[in-house]
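Engineer: Sharing protein_21.pdb, PDB, C-alpha atoms, pLDDT in the B column:
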ATOM      1  CA  VAL A  12     103.014 121.994  81.171  1.00 83.00           C
ATOM      2  CA  ASP A  13     103.652 125.624  80.275  1.00 87.00           C
ATOM      3  CA  ASP A  14     102.040 126.758  83.538  1.00 89.00           C
ATOM      4  CA  ALA A  15     103.678 124.150  85.794  1.00 90.00           C
ATOM      5  CA  LEU A  16     106.450 125.092  88.153  1.00 92.00           C
ATOM      6  CA  THR A  17     109.820 123.854  86.950  1.00 93.00           C
ATOM      7  CA  GLU A  18     110.188 122.045  90.263  1.00 95.00           C
ATOM      8  CA  THR A  19     107.005 120.057  89.597  1.00 93.00           C
ATOM      9  CA  LEU A  20     108.486 118.778  86.361  1.00 95.00           C
ATOM     10  CA  GLU A  21     111.776 118.015  88.101  1.00 95.00           C
ATOM     11  CA  MET A  22     110.067 115.770  90.645  1.00 93.00           C
ATOM     12  CA  ASN A  23     108.323 113.818  87.894  1.00 93.00           C
ATOM     13  CA  ASN A  24     111.432 113.628  85.723  1.00 96.00           C
ATOM     14  CA  VAL A  25     113.484 112.233  88.608  1.00 96.00           C
ATOM     15  CA  ASN A  26     110.902 109.481  89.124  1.00 92.00           C
ATOM     16  CA  SER A  27     110.885 108.688  85.408  1.00 95.00           C
ATOM     17  CA  LEU A  28     114.680 108.679  85.191  1.00 97.00           C
ATOM     18  CA  PHE A  29     115.068 106.275  88.097  1.00 96.00           C
ATOM     19  CA  GLY A  30     112.262 104.034  86.875  1.00 94.00           C
ATOM     20  CA  LEU A  31     113.459 103.789  83.283  1.00 96.00           C
ATOM     21  CA  HIS A  32     117.068 102.777  83.933  1.00 95.00           C
ATOM     22  CA  ARG A  33     117.855  99.490  85.649  1.00 93.00           C
ATOM     23  CA  ARG A  34     121.280 100.780  86.641  1.00 94.00           C
ATOM     24  CA  LEU A  35     119.477 103.341  88.844  1.00 96.00           C
ATOM     25  CA  ARG A  36     117.364 100.772  90.696  1.00 96.00           C
ATOM     26  CA  GLY A  37     119.075 101.632  93.970  1.00 97.00           C
ATOM     27  CA  ALA A  38     118.221 105.290  93.466  1.00 98.00           C
ATOM     28  CA  ALA A  39     114.605 104.358  92.733  1.00 97.00           C
ATOM     29  CA  MET A  40     114.416 102.329  95.937  1.00 96.00           C
ATOM     30  CA  GLY A  41     116.053 105.070  98.031  1.00 97.00           C
ATOM     31  CA  HIS A  42     113.620 107.598  96.600  1.00 96.00           C
ATOM     32  CA  LEU A  43     110.676 105.304  97.363  1.00 94.00           C
ATOM     33  CA  ALA A  44     111.851 104.681 100.918  1.00 94.00           C
ATOM     34  CA  VAL A  45     112.233 108.364 101.769  1.00 95.00           C
ATOM     35  CA  PHE A  46     108.921 109.222 100.144  1.00 92.00           C
ATOM     36  CA  GLU A  47     107.183 106.587 102.266  1.00 91.00           C
ATOM     37  CA  MET A  48     109.103 107.658 105.383  1.00 91.00           C
ATOM     38  CA  THR A  49     107.917 111.245 105.041  1.00 91.00           C
ATOM     39  CA  SER A  50     104.314 110.813 103.883  1.00 90.00           C
ATOM     40  CA  SER A  51     102.419 109.852 107.060  1.00 89.00           C
ATOM     41  CA  ILE A  52     102.547 113.300 108.664  1.00 90.00           C
ATOM     42  CA  PRO A  53     101.398 115.172 105.527  1.00 91.00           C
ATOM     43  CA  SER A  54      98.553 112.651 105.119  1.00 91.00           C
ATOM     44  CA  ARG A  55      97.490 113.277 108.719  1.00 92.00           C
ATOM     45  CA  LYS A  56      97.605 117.044 108.140  1.00 94.00           C
ATOM     46  CA  MET A  57      95.489 116.649 104.981  1.00 93.00           C
ATOM     47  CA  THR A  58      92.900 114.672 106.961  1.00 92.00           C
ATOM     48  CA  GLN A  59      92.828 117.316 109.697  1.00 94.00           C
ATOM     49  CA  GLY A  60      92.495 120.131 107.156  1.00 94.00           C
ATOM     50  CA  LEU A  61      89.724 118.406 105.233  1.00 93.00           C
ATOM     51  CA  GLU A  62      87.844 117.722 108.452  1.00 92.00           C
ATOM     52  CA  ARG A  63      88.204 121.383 109.501  1.00 94.00           C
ATOM     53  CA  LEU A  64      86.645 122.360 106.183  1.00 94.00           C
ATOM     54  CA  GLY A  65      83.788 119.903 106.662  1.00 92.00           C
ATOM     55  CA  LEU A  66      85.071 117.649 103.870  1.00 89.00           C
ATOM     56  CA  ASP A  67      85.340 114.536 106.008  1.00 82.00           C
ATOM     57  CA  GLY A  68      84.016 112.183 103.333  1.00 88.00           C
ATOM     58  CA  PRO A  69      85.936 110.055 100.814  1.00 89.00           C
ATOM     59  CA  MET A  70      88.883 112.447 100.473  1.00 88.00           C
ATOM     60  CA  SER A  71      89.436 112.515 104.217  1.00 89.00           C
ATOM     61  CA  LEU A  72      89.147 108.719 104.410  1.00 90.00           C
ATOM     62  CA  TYR A  73      91.725 108.375 101.622  1.00 90.00           C
ATOM     63  CA  TYR A  74      94.348 110.377 103.525  1.00 91.00           C
ATOM     64  CA  ASP A  75      93.381 108.862 106.871  1.00 89.00           C
ATOM     65  CA  GLU A  76      93.992 105.379 105.444  1.00 89.00           C
ATOM     66  CA  HIS A  77      97.431 106.492 104.241  1.00 87.00           C
ATOM     67  CA  VAL A  78      98.524 107.590 107.710  1.00 87.00           C
ATOM     68  CA  GLU A  79      98.572 103.950 108.846  1.00 84.00           C
ATOM     69  CA  ALA A  80      99.440 102.383 105.503  1.00 87.00           C
ATOM     70  CA  ASP A  81     102.433 104.638 104.939  1.00 83.00           C
ATOM     71  CA  ALA A  82     103.809 103.810 108.379  1.00 83.00           C
ATOM     72  CA  VAL A  83     103.872 100.162 107.307  1.00 87.00           C
ATOM     73  CA  HIS A  84     105.209 101.039 103.845  1.00 88.00           C
ATOM     74  CA  GLU A  85     107.997 103.026 105.507  1.00 87.00           C
ATOM     75  CA  GLN A  86     109.321  99.919 107.222  1.00 89.00           C
ATOM     76  CA  LEU A  87     108.885  97.738 104.141  1.00 91.00           C
ATOM     77  CA  ALA A  88     110.676 100.201 101.862  1.00 91.00           C
ATOM     78  CA  ALA A  89     113.504 101.123 104.237  1.00 91.00           C
ATOM     79  CA  ARG A  90     114.268  97.754 105.783  1.00 93.00           C
ATOM     80  CA  GLY A  91     112.758  95.185 103.444  1.00 94.00           C
ATOM     81  CA  ILE A  92     113.656  96.733 100.116  1.00 95.00           C
ATOM     82  CA  CYS A  93     116.609  99.084 100.689  1.00 96.00           C
ATOM     83  CA  GLY A  94     118.112  97.043 103.507  1.00 96.00           C
ATOM     84  CA  THR A  95     117.950  93.847 101.485  1.00 96.00           C
ATOM     85  CA  LEU A  96     119.298  95.543  98.352  1.00 97.00           C
ATOM     86  CA  ALA A  97     122.199  97.043 100.346  1.00 97.00           C
ATOM     87  CA  GLU A  98     123.047  93.654 101.855  1.00 97.00           C
ATOM     88  CA  ASP A  99     122.789  91.787  98.546  1.00 97.00           C
ATOM     89  CA  GLU A 100     124.457  94.455  96.407  1.00 96.00           C
ATOM     90  CA  PRO A 101     126.686  96.731  98.521  1.00 97.00           C
ATOM     91  CA  ASP A 102     127.655  98.685  95.407  1.00 97.00           C
ATOM     92  CA  GLN A 103     124.058  99.987  95.326  1.00 97.00           C
ATOM     93  CA  VAL A 104     124.377 101.803  98.695  1.00 97.00           C
ATOM     94  CA  PRO A 105     125.572 105.093  97.105  1.00 98.00           C
ATOM     95  CA  GLU A 106     122.681 104.855  94.624  1.00 97.00           C
ATOM     96  CA  ILE A 107     120.172 104.263  97.437  1.00 97.00           C
ATOM     97  CA  LEU A 108     121.486 107.332  99.252  1.00 98.00           C
ATOM     98  CA  PHE A 109     121.444 109.365  96.030  1.00 98.00           C
ATOM     99  CA  GLY A 110     117.798 108.447  95.466  1.00 98.00           C
ATOM    100  CA  ALA A 111     116.913 109.360  99.053  1.00 97.00           C
ATOM    101  CA  PHE A 112     118.680 112.711  98.700  1.00 98.00           C
ATOM    102  CA  SER A 113     117.007 113.340  95.343  1.00 97.00           C
ATOM    103  CA  CYS A 114     113.574 112.852  96.867  1.00 97.00           C
ATOM    104  CA  LEU A 115     114.243 115.224  99.756  1.00 97.00           C
ATOM    105  CA  ASP A 116     115.970 117.795  97.549  1.00 97.00           C
ATOM    106  CA  THR A 117     113.337 117.988  94.818  1.00 97.00           C
ATOM    107  CA  GLU A 118     110.484 118.035  97.358  1.00 95.00           C
ATOM    108  CA  ALA A 119     112.154 120.858  99.316  1.00 96.00           C
ATOM    109  CA  ARG A 120     112.789 122.907  96.191  1.00 96.00           C
ATOM    110  CA  PHE A 121     109.196 122.356  95.060  1.00 96.00           C
ATOM    111  CA  ALA A 122     107.841 123.472  98.435  1.00 95.00           C
ATOM    112  CA  THR A 123     110.046 126.585  98.398  1.00 96.00           C
ATOM    113  CA  ALA A 124     108.968 127.491  94.853  1.00 96.00           C
ATOM    114  CA  LEU A 125     105.293 126.873  95.604  1.00 94.00           C
ATOM    115  CA  LEU A 126     105.352 129.059  98.711  1.00 95.00           C
ATOM    116  CA  ALA A 127     107.213 131.767  96.763  1.00 95.00           C
ATOM    117  CA  SER A 128     104.554 131.649  94.035  1.00 93.00           C
ATOM    118  CA  TRP A 129     101.953 132.281  96.750  1.00 93.00           C
ATOM    119  CA  GLY A 130     103.913 135.302  97.960  1.00 92.00           C
ATOM    120  CA  ARG A 131     105.142 133.605 101.135  1.00 78.00           C
TER     121      ARG A 131
END
Show me the file's structure as structure tokens.

Structural biologist:
Amino acid sequence: VDDALTETLEMNNVNSLFGLHRRLRGAAMGHLAVFEMTSSIPSRKMTQGLERLGLDGPMSLYYDEHVEADAVHEQLAARGICGTLAEDEPDQVPEILFGAFSCLDTEARFATALLASWGR
């Protein structure tokens, strides 16, 4: 923990916060939806990178499987979960949007910090 980037801990703390408090269920679902909506492309890039390095075994298969699976999960999370929650409980819409923003914000800050730590 002492060596982890602050932003790494933030991402995990946000997930824990949303998951531990029922009142933040909309935020948890918004976070999940955005995570699923943005994970197919990175999974594809991981597969391509692993294959370039000659590591096209189990690790490559894992990420390759997630390219398709996450495309399905994207629709389930956005429409099935968040859409249904928003229809059933309109007061949760701001929470859903807050969770979506939180995912994008913490991921962006993590990426910026990681690249800075690499001297980029």

Engineer: I'd like the interatomic distance between CA of Gly60 (chain A) and CA of Phe112 (chain A), to a tenth of an Å.

Structural biologist: 28.5 Å

Engineer: Taking all atoms of region 64-80 of chain A that the file lists and extending 4 Å past them on each side, where is the centre of the axis-aligned box and how long are its edges? Answer in Å to one decimal, as AutoDock Vina command-line options.

Structural biologist:
--center_x 91.6 --center_y 112.4 --center_z 104.7 --size_x 23.7 --size_y 28.0 --size_z 16.4

Engineer: Let me make sure I understand: among A:Ser51, A:Gln86, A:Thr58, A:Ser27, which one has the smallest atom-to-atom distance to Tyr73 (chain A) if we use only C-alpha atoms?

Structural biologist: A:Thr58

Engineer: Place a sphere of radius 9 Å on (122.5, 99.5, 93.1) in the file coordinates and name every protein, DNA or RNA residue with an atom inside or on its surface, counting all atoms listed in the file; give the answer as a list in words.

Structural biologist: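 Residues with an atom close enough to that point: Arg33, Arg34, Leu35, Arg36, Gly37, Ala38, Leu96, Ala97, Glu100, Pro101, Asp102, Gln103, Val104, Pro105, Glu106 and Ile107 of chain A.
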
Engineer: Restricting the calculation to all atoms listed in the file, which member of A:Ala82, A:Leu61, A:Leu66, A:Leu108 is positioned closest to Gly41 (chain A)?

Structural biologist: A:Leu108

Engineer: Calculate how many Å separate CA of Leu87 (chain A) from CA of Phe46 (chain A), rounding to one decimal.

Structural biologist: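 Pair CA of Leu87 (chain A) / CA of Phe46 (chain A) returns 12.2 Å.
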
Engineer: Could you check which of A:His77, A:Leu115, A:Pro69, A:Arg90 is closest to Ile52 (chain A), using all atoms listed in the file?

Structural biologist: A:His77

Engineer: Residues at most 10 Å from Asp116 (chain A), counting all atoms listed in the file, excluding those fewer than 6 positions away in the same chain, as a list in words?

Structural biologist: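 The residues satisfying every condition are Met22, Gly110 and Ala122 of chain A.
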
Engineer: Would you mind telling me which residue in A:Cys114, A:Ala124, A:Leu64, A:Leu43 lies nearest to Ile92 (chain A) when using all atoms listed in the file?

Structural biologist: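 Nearest candidate to Ile92 (chain A) out of A:Cys114, A:Ala124, A:Leu64, A:Leu43: A:Leu43.
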